[in-house]
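Asks: Take a look at structure.csv, CSV, N, CA and C atoms:
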```
chain,number,residue,atom,x,y,z
A,22,MET,N,137.4,90.5,-24.1
A,22,MET,CA,138.3,90.1,-23.1
A,22,MET,C,139.7,90.3,-23.7
A,23,GLN,N,140.6,90.9,-22.8
A,23,GLN,CA,142.0,91.1,-23.2
A,23,GLN,C,142.8,89.8,-23.1
A,24,GLU,N,143.8,89.7,-24.0
A,24,GLU,CA,144.7,88.5,-23.9
A,24,GLU,C,146.0,88.8,-24.5
A,25,VAL,N,147.0,88.1,-24.1
A,25,VAL,CA,148.4,88.3,-24.6
A,25,VAL,C,148.8,86.9,-25.1
A,26,LEU,N,149.4,86.9,-26.3
A,26,LEU,CA,150.0,85.7,-26.9
A,26,LEU,C,151.5,85.9,-27.0
A,27,VAL,N,152.2,84.8,-26.6
A,27,VAL,CA,153.6,84.8,-26.8
A,27,VAL,C,153.9,83.6,-27.7
A,28,ILE,N,154.5,83.8,-28.8
A,28,ILE,CA,154.8,82.8,-29.8
A,28,ILE,C,156.2,82.2,-29.5
A,29,GLN,N,156.2,80.9,-29.2
A,29,GLN,CA,157.5,80.2,-28.9
A,29,GLN,C,158.1,79.5,-30.1
A,30,GLU,N,157.2,78.9,-30.9
A,30,GLU,CA,157.6,78.2,-32.1
A,30,GLU,C,156.5,78.3,-33.2
A,31,GLY,N,156.9,78.3,-34.5
A,31,GLY,CA,156.0,78.3,-35.5
A,31,GLY,C,155.5,79.6,-36.0
A,32,LYS,N,154.4,79.6,-36.8
A,32,LYS,CA,153.8,80.9,-37.3
A,32,LYS,C,152.3,80.9,-37.1
A,33,LEU,N,151.8,82.1,-36.8
A,33,LEU,CA,150.4,82.2,-36.5
A,33,LEU,C,149.9,83.5,-37.3
A,34,GLN,N,148.8,83.4,-38.0
A,34,GLN,CA,148.2,84.5,-38.6
A,34,GLN,C,147.1,85.0,-37.7
A,35,VAL,N,147.1,86.3,-37.4
A,35,VAL,CA,146.1,86.9,-36.5
A,35,VAL,C,145.2,87.8,-37.4
A,36,ASP,N,144.0,87.5,-37.6
A,36,ASP,CA,143.0,88.3,-38.4
A,36,ASP,C,142.3,89.2,-37.4
A,37,PHE,N,142.3,90.5,-37.7
A,37,PHE,CA,141.6,91.5,-36.9
A,37,PHE,C,140.3,92.0,-37.5
A,38,TYR,N,139.3,92.1,-36.6
A,38,TYR,CA,137.9,92.5,-37.0
A,38,TYR,C,137.4,93.6,-36.0
A,39,THR,N,136.5,94.3,-36.5
A,39,THR,CA,135.8,95.3,-35.6
A,39,THR,C,134.8,94.5,-34.7
A,40,GLU,N,134.3,95.2,-33.8
A,40,GLU,CA,133.3,94.5,-32.9
A,40,GLU,C,132.1,94.1,-33.7
A,41,SER,N,131.8,94.7,-34.8
A,41,SER,CA,130.7,94.3,-35.7
A,41,SER,C,131.1,93.3,-36.7
A,42,GLU,N,132.2,92.6,-36.5
A,42,GLU,CA,132.7,91.5,-37.3
A,42,GLU,C,133.2,91.9,-38.7
A,43,GLU,N,133.6,93.1,-38.9
A,43,GLU,CA,134.1,93.6,-40.2
A,43,GLU,C,135.6,93.4,-40.2
A,44,TYR,N,136.1,92.7,-41.3
A,44,TYR,CA,137.5,92.4,-41.4
A,44,TYR,C,138.3,93.6,-41.6
A,45,LEU,N,139.4,93.8,-40.9
A,45,LEU,CA,140.3,94.9,-41.0
A,45,LEU,C,141.6,94.6,-41.7
A,46,GLU,N,142.4,93.7,-41.1
A,46,GLU,CA,143.7,93.2,-41.7
A,46,GLU,C,144.2,92.1,-40.9
A,47,SER,N,145.4,91.5,-41.3
A,47,SER,CA,146.0,90.4,-40.6
A,47,SER,C,147.5,90.7,-40.4
A,48,ARG,N,148.0,90.0,-39.4
A,48,ARG,CA,149.5,90.1,-39.1
A,48,ARG,C,150.0,88.6,-39.0
A,49,ILE,N,151.2,88.4,-39.3
A,49,ILE,CA,151.9,87.1,-39.1
A,49,ILE,C,152.8,87.2,-37.9
A,50,LEU,N,152.6,86.3,-37.0
A,50,LEU,CA,153.5,86.3,-35.8
A,50,LEU,C,154.4,85.0,-35.9
A,51,SER,N,155.7,85.2,-35.5
A,51,SER,CA,156.6,84.1,-35.5
A,51,SER,C,157.3,84.0,-34.1
A,52,ALA,N,158.1,83.0,-34.0
A,52,ALA,CA,158.8,82.7,-32.7
A,52,ALA,C,159.4,84.0,-32.2
A,53,GLY,N,159.2,84.3,-30.9
A,53,GLY,CA,159.7,85.5,-30.3
A,53,GLY,C,158.8,86.7,-30.3
A,54,ASP,N,157.7,86.6,-31.0
A,54,ASP,CA,156.7,87.7,-31.1
A,54,ASP,C,155.7,87.6,-29.9
A,55,THR,N,155.3,88.8,-29.5
A,55,THR,CA,154.3,88.9,-28.5
A,55,THR,C,153.2,89.9,-28.9
A,56,ILE,N,152.0,89.6,-28.7
A,56,ILE,CA,150.9,90.5,-29.1
A,56,ILE,C,149.9,90.6,-27.9
A,57,MET,N,149.4,91.8,-27.7
A,57,MET,CA,148.3,92.0,-26.8
A,57,MET,C,147.0,92.4,-27.5
A,58,LEU,N,146.0,91.6,-27.3
A,58,LEU,CA,144.7,91.8,-28.0
A,58,LEU,C,143.7,92.4,-27.0
A,59,CYS,N,143.3,93.7,-27.3
A,59,CYS,CA,142.4,94.3,-26.3
A,59,CYS,C,141.2,95.0,-26.8
A,60,HIS,N,141.0,95.1,-28.1
A,60,HIS,CA,139.8,95.7,-28.7
A,60,HIS,C,139.3,94.9,-29.9
A,61,GLY,N,138.0,95.1,-30.2
A,61,GLY,CA,137.5,94.4,-31.4
A,61,GLY,C,137.5,92.9,-31.2
A,62,ALA,N,137.6,92.2,-32.4
A,62,ALA,CA,137.5,90.8,-32.4
A,62,ALA,C,138.7,90.3,-33.2
A,63,HIS,N,139.0,89.0,-33.1
A,63,HIS,CA,140.2,88.4,-33.8
A,63,HIS,C,139.9,86.9,-34.1
A,64,GLY,N,140.7,86.5,-35.1
A,64,GLY,CA,140.7,85.0,-35.4
A,64,GLY,C,142.1,84.6,-35.7
A,65,PHE,N,142.3,83.3,-35.6
A,65,PHE,CA,143.7,82.8,-35.8
A,65,PHE,C,143.7,81.7,-36.9
A,66,ARG,N,144.8,81.7,-37.7
A,66,ARG,CA,145.1,80.7,-38.6
A,66,ARG,C,146.5,80.2,-38.4
A,67,VAL,N,146.7,78.9,-38.0
A,67,VAL,CA,148.0,78.4,-37.8
A,67,VAL,C,148.6,78.1,-39.1
A,68,LEU,N,149.8,78.7,-39.4
A,68,LEU,CA,150.5,78.6,-40.6
A,68,LEU,C,151.6,77.5,-40.6
A,69,GLU,N,152.2,77.3,-39.4
A,69,GLU,CA,153.2,76.3,-39.1
A,69,GLU,C,152.9,75.7,-37.8
A,70,PRO,N,153.3,74.4,-37.5
A,70,PRO,CA,153.1,73.9,-36.2
A,70,PRO,C,153.5,74.9,-35.1
A,71,LEU,N,152.7,75.1,-34.1
A,71,LEU,CA,152.8,76.2,-33.2
A,71,LEU,C,152.9,75.8,-31.7
A,72,LYS,N,153.7,76.5,-31.0
A,72,LYS,CA,153.7,76.5,-29.6
A,72,LYS,C,153.6,77.9,-29.1
A,73,MET,N,152.6,78.2,-28.3
A,73,MET,CA,152.4,79.6,-27.8
A,73,MET,C,151.9,79.5,-26.4
A,74,ILE,N,152.1,80.6,-25.7
A,74,ILE,CA,151.5,80.9,-24.4
A,74,ILE,C,150.4,81.9,-24.5
A,75,GLU,N,149.2,81.6,-24.0
A,75,GLU,CA,148.1,82.5,-24.1
A,75,GLU,C,147.7,82.9,-22.7
A,76,ILE,N,147.7,84.2,-22.4
A,76,ILE,CA,147.4,84.7,-21.1
A,76,ILE,C,146.2,85.6,-21.2
A,77,LYS,N,145.2,85.3,-20.3
A,77,LYS,CA,143.9,86.0,-20.3
A,77,LYS,C,143.6,86.4,-18.9
A,78,GLN,N,142.8,87.5,-18.8
A,78,GLN,CA,142.3,87.9,-17.5
A,78,GLN,C,141.4,86.8,-16.9
A,79,GLY,N,141.4,86.5,-15.7
A,79,GLY,CA,140.6,85.5,-15.1
A,79,GLY,C,139.4,86.1,-14.3
A,80,PRO,N,138.5,85.4,-13.9
A,80,PRO,CA,138.4,84.0,-14.2
A,80,PRO,C,137.8,83.8,-15.7
A,81,TYR,N,138.2,82.7,-16.3
A,81,TYR,CA,137.7,82.5,-17.7
A,81,TYR,C,136.3,82.1,-17.6
A,82,PRO,N,135.4,82.8,-18.3
A,82,PRO,CA,134.0,82.6,-18.3
A,82,PRO,C,133.5,81.4,-19.1
A,83,GLY,N,134.4,80.8,-19.9
A,83,GLY,CA,134.0,79.6,-20.7
A,83,GLY,C,133.5,80.0,-22.1
A,84,GLU,N,133.1,79.0,-22.8
A,84,GLU,CA,132.7,79.2,-24.2
A,84,GLU,C,131.4,80.1,-24.3
A,85,SER,N,130.7,80.3,-23.2
A,85,SER,CA,129.5,81.1,-23.2
A,85,SER,C,129.7,82.5,-23.5
A,86,GLN,N,130.9,83.0,-23.3
A,86,GLN,CA,131.3,84.4,-23.6
A,86,GLN,C,132.1,84.5,-24.9
A,87,THR,N,132.2,83.5,-25.7
A,87,THR,CA,132.9,83.5,-27.0
A,87,THR,C,131.8,83.6,-28.1
A,88,THR,N,132.1,84.5,-29.0
A,88,THR,CA,131.2,84.7,-30.2
A,88,THR,C,131.9,84.1,-31.4
A,89,ARG,N,131.3,83.2,-32.1
A,89,ARG,CA,131.9,82.6,-33.3
A,89,ARG,C,131.3,83.2,-34.5
A,90,PHE,N,132.1,83.6,-35.5
A,90,PHE,CA,131.5,84.1,-36.7
A,90,PHE,C,132.4,83.7,-37.9
A,91,SER,N,131.9,83.9,-39.1
A,91,SER,CA,132.6,83.5,-40.3
A,91,SER,C,133.9,84.3,-40.5
A,92,GLU,N,135.0,83.6,-40.8
A,92,GLU,CA,136.2,84.3,-41.1
A,92,GLU,C,136.2,85.0,-42.5
A,93,ALA,N,137.1,85.9,-42.6
A,93,ALA,CA,137.2,86.6,-43.9
A,93,ALA,C,137.7,85.6,-45.0
A,94,PRO,N,137.2,85.7,-46.2
A,94,PRO,CA,137.7,84.8,-47.2
A,94,PRO,C,139.1,85.1,-47.6
A,95,ASP,N,139.8,84.1,-48.0
A,95,ASP,CA,141.2,84.2,-48.4
A,95,ASP,C,141.5,85.4,-49.3
A,96,SER,N,140.5,85.6,-50.3
A,96,SER,CA,140.7,86.7,-51.2
A,96,SER,C,140.7,88.1,-50.6
A,97,ASP,N,140.2,88.2,-49.4
A,97,ASP,CA,140.1,89.5,-48.7
A,97,ASP,C,141.3,89.8,-47.8
A,98,ILE,N,142.1,88.7,-47.5
A,98,ILE,CA,143.2,88.9,-46.5
A,98,ILE,C,144.2,89.8,-47.0
A,99,ARG,N,144.6,90.8,-46.1
A,99,ARG,CA,145.6,91.8,-46.3
A,99,ARG,C,146.6,91.6,-45.1
A,100,ILE,N,147.8,91.3,-45.4
A,100,ILE,CA,148.8,91.2,-44.4
A,100,ILE,C,149.5,92.5,-44.1
A,101,GLY,N,149.3,93.0,-42.9
A,101,GLY,CA,149.9,94.3,-42.5
A,101,GLY,C,151.4,94.1,-42.1
A,102,GLY,N,152.1,95.2,-42.1
A,102,GLY,CA,153.5,95.1,-41.7
A,102,GLY,C,153.7,95.6,-40.3
A,103,PRO,N,154.9,95.5,-39.8
A,103,PRO,CA,155.2,95.9,-38.4
A,103,PRO,C,155.0,97.4,-38.3
A,104,THR,N,154.6,97.9,-37.1
A,104,THR,CA,154.5,99.3,-36.8
A,104,THR,C,155.6,99.7,-35.9
A,105,SER,N,156.0,101.0,-36.0
A,105,SER,CA,157.1,101.5,-35.2
A,105,SER,C,156.6,102.4,-34.1
```
As structure tokens, how would this structure be written, given the file I've shared?
Replies:
Amino acid sequence: MQEVLVIQEGKLQVDFYTESEEYLESRILSAGDTIMLCHGAHGFRVLEPLKMIEIKQGPYPGESQTTRFSEAPDSDIRIGGPTS
């Protein structure tokens, strides 16, 4: 499911995974950042108290369409930089 996040306050770490749940890398989002998530899987870690807007395609199918899996251990986390 595609979604857009708009960060209003705080910091959020977004962890990116393949569809087979293999960890790829992470990015840190701060106030004013926007991200569109459209492929693979992702996880979140709130780094500072956070206010954000989350926009998803509807209708929302509920938790039955959500897959939960183990997050990457802290020792594997790689923070990627901005892309141009």
Asks: Could you list as a list in words every residue that has an atom within 10 Å of (138.9, 94.3, -30.1), using the file's coordinates and counting only C-alpha atoms?
Replies: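 It turns out the residues near that spot are Met22, Gln23, Phe37, Tyr38, Thr39, Glu40, Ser41, Glu42, Leu58, Cys59, His60, Gly61, Ala62 and His63 of chain A.
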Asks: If you measure from atom N of Glu92 in chain A to atom N of Lys77 in chain A, what distance in Å do you get, rounded to one decimal?
Replies: 23.0 Å
Asks: Please provide as an NGL selection string all residues within 6.5 Å of Pro70 in chain A, with the sequence filter that same-chain residues fewer than 6 positions apart are discarded (counting only N, CA and C atoms).
Replies: :A and (30-32)
Asks: Write out as a PyMOL selection string the residues lying within 8 Å of Gly102 in chain A, counting all atoms listed in the file and excluding same-chain residues fewer than 4 positions away.
Replies: chain A and resi 47-49
Asks: Run DSSP on the backbone of this structure and report the residues of chain A it assigns to strand (DSSP E), as a ChimeraX atom specification.
Replies: /A:24-30,32-38,44-51,55-58,62-67,72-77
Asks: Residues within 8 Å of range 24-27 of chain A, please, as a short mmCIF file (atom, residue, chain, number, x, y, z; two decimals) with N, CA and C atoms, keeping the file's coordinate frame. Count only N, CA and C atoms; anything in the same chain fewer than 2 positions from it doesn't count.
Replies:
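Below you can see result00.cif, which holds the result:
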```
data_model
loop_
_atom_site.label_atom_id
_atom_site.label_comp_id
_atom_site.auth_asym_id
_atom_site.auth_seq_id
_atom_site.Cartn_x
_atom_site.Cartn_y
_atom_site.Cartn_z
N MET A 22 137.40 90.50 -24.10
CA MET A 22 138.30 90.10 -23.10
C MET A 22 139.70 90.30 -23.70
N GLN A 29 156.20 80.90 -29.20
CA GLN A 29 157.50 80.20 -28.90
C GLN A 29 158.10 79.50 -30.10
N GLU A 30 157.20 78.90 -30.90
CA GLU A 30 157.60 78.20 -32.10
C GLU A 30 156.50 78.30 -33.20
N SER A 51 155.70 85.20 -35.50
CA SER A 51 156.60 84.10 -35.50
C SER A 51 157.30 84.00 -34.10
N ALA A 52 158.10 83.00 -34.00
CA ALA A 52 158.80 82.70 -32.70
C ALA A 52 159.40 84.00 -32.20
N GLY A 53 159.20 84.30 -30.90
CA GLY A 53 159.70 85.50 -30.30
C GLY A 53 158.80 86.70 -30.30
N ASP A 54 157.70 86.60 -31.00
CA ASP A 54 156.70 87.70 -31.10
C ASP A 54 155.70 87.60 -29.90
N THR A 55 155.30 88.80 -29.50
CA THR A 55 154.30 88.90 -28.50
C THR A 55 153.20 89.90 -28.90
N ILE A 56 152.00 89.60 -28.70
CA ILE A 56 150.90 90.50 -29.10
C ILE A 56 149.90 90.60 -27.90
N MET A 57 149.40 91.80 -27.70
CA MET A 57 148.30 92.00 -26.80
C MET A 57 147.00 92.40 -27.50
N LEU A 58 146.00 91.60 -27.30
CA LEU A 58 144.70 91.80 -28.00
C LEU A 58 143.70 92.40 -27.00
N CYS A 59 143.30 93.70 -27.30
CA CYS A 59 142.40 94.30 -26.30
C CYS A 59 141.20 95.00 -26.80
N HIS A 60 141.00 95.10 -28.10
CA HIS A 60 139.80 95.70 -28.70
C HIS A 60 139.30 94.90 -29.90
N LYS A 72 153.70 76.50 -31.00
CA LYS A 72 153.70 76.50 -29.60
C LYS A 72 153.60 77.90 -29.10
N MET A 73 152.60 78.20 -28.30
CA MET A 73 152.40 79.60 -27.80
C MET A 73 151.90 79.50 -26.40
N ILE A 74 152.10 80.60 -25.70
CA ILE A 74 151.50 80.90 -24.40
C ILE A 74 150.40 81.90 -24.50
N GLU A 75 149.20 81.60 -24.00
CA GLU A 75 148.10 82.50 -24.10
C GLU A 75 147.70 82.90 -22.70
N ILE A 76 147.70 84.20 -22.40
CA ILE A 76 147.40 84.70 -21.10
C ILE A 76 146.20 85.60 -21.20
N LYS A 77 145.20 85.30 -20.30
CA LYS A 77 143.90 86.00 -20.30
C LYS A 77 143.60 86.40 -18.90
N GLN A 78 142.80 87.50 -18.80
CA GLN A 78 142.30 87.90 -17.50
C GLN A 78 141.40 86.80 -16.90
#
```
Asks: Between CA of Ser96 in chain A and CA of Glu84 in chain A, measure the distance and give it in Å to one decimal.
Replies: 29.1 Å
Asks: Hey, which of A:Pro94, A:Arg89, A:Leu50, A:Gly83 ends up closest to Leu68 in chain A? Count only C-alpha atoms.
Replies: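 The answer is A:Leu50, which sits nearest to Leu68 in chain A.
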Asks: Which of these residues is nearest to Glu69 in chain A, using only C-alpha atoms: A:Leu33, A:Ile98, A:Ala93, A:Leu45?
Replies: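 Of the candidates, the smallest distance to Glu69 in chain A is held by A:Leu33.
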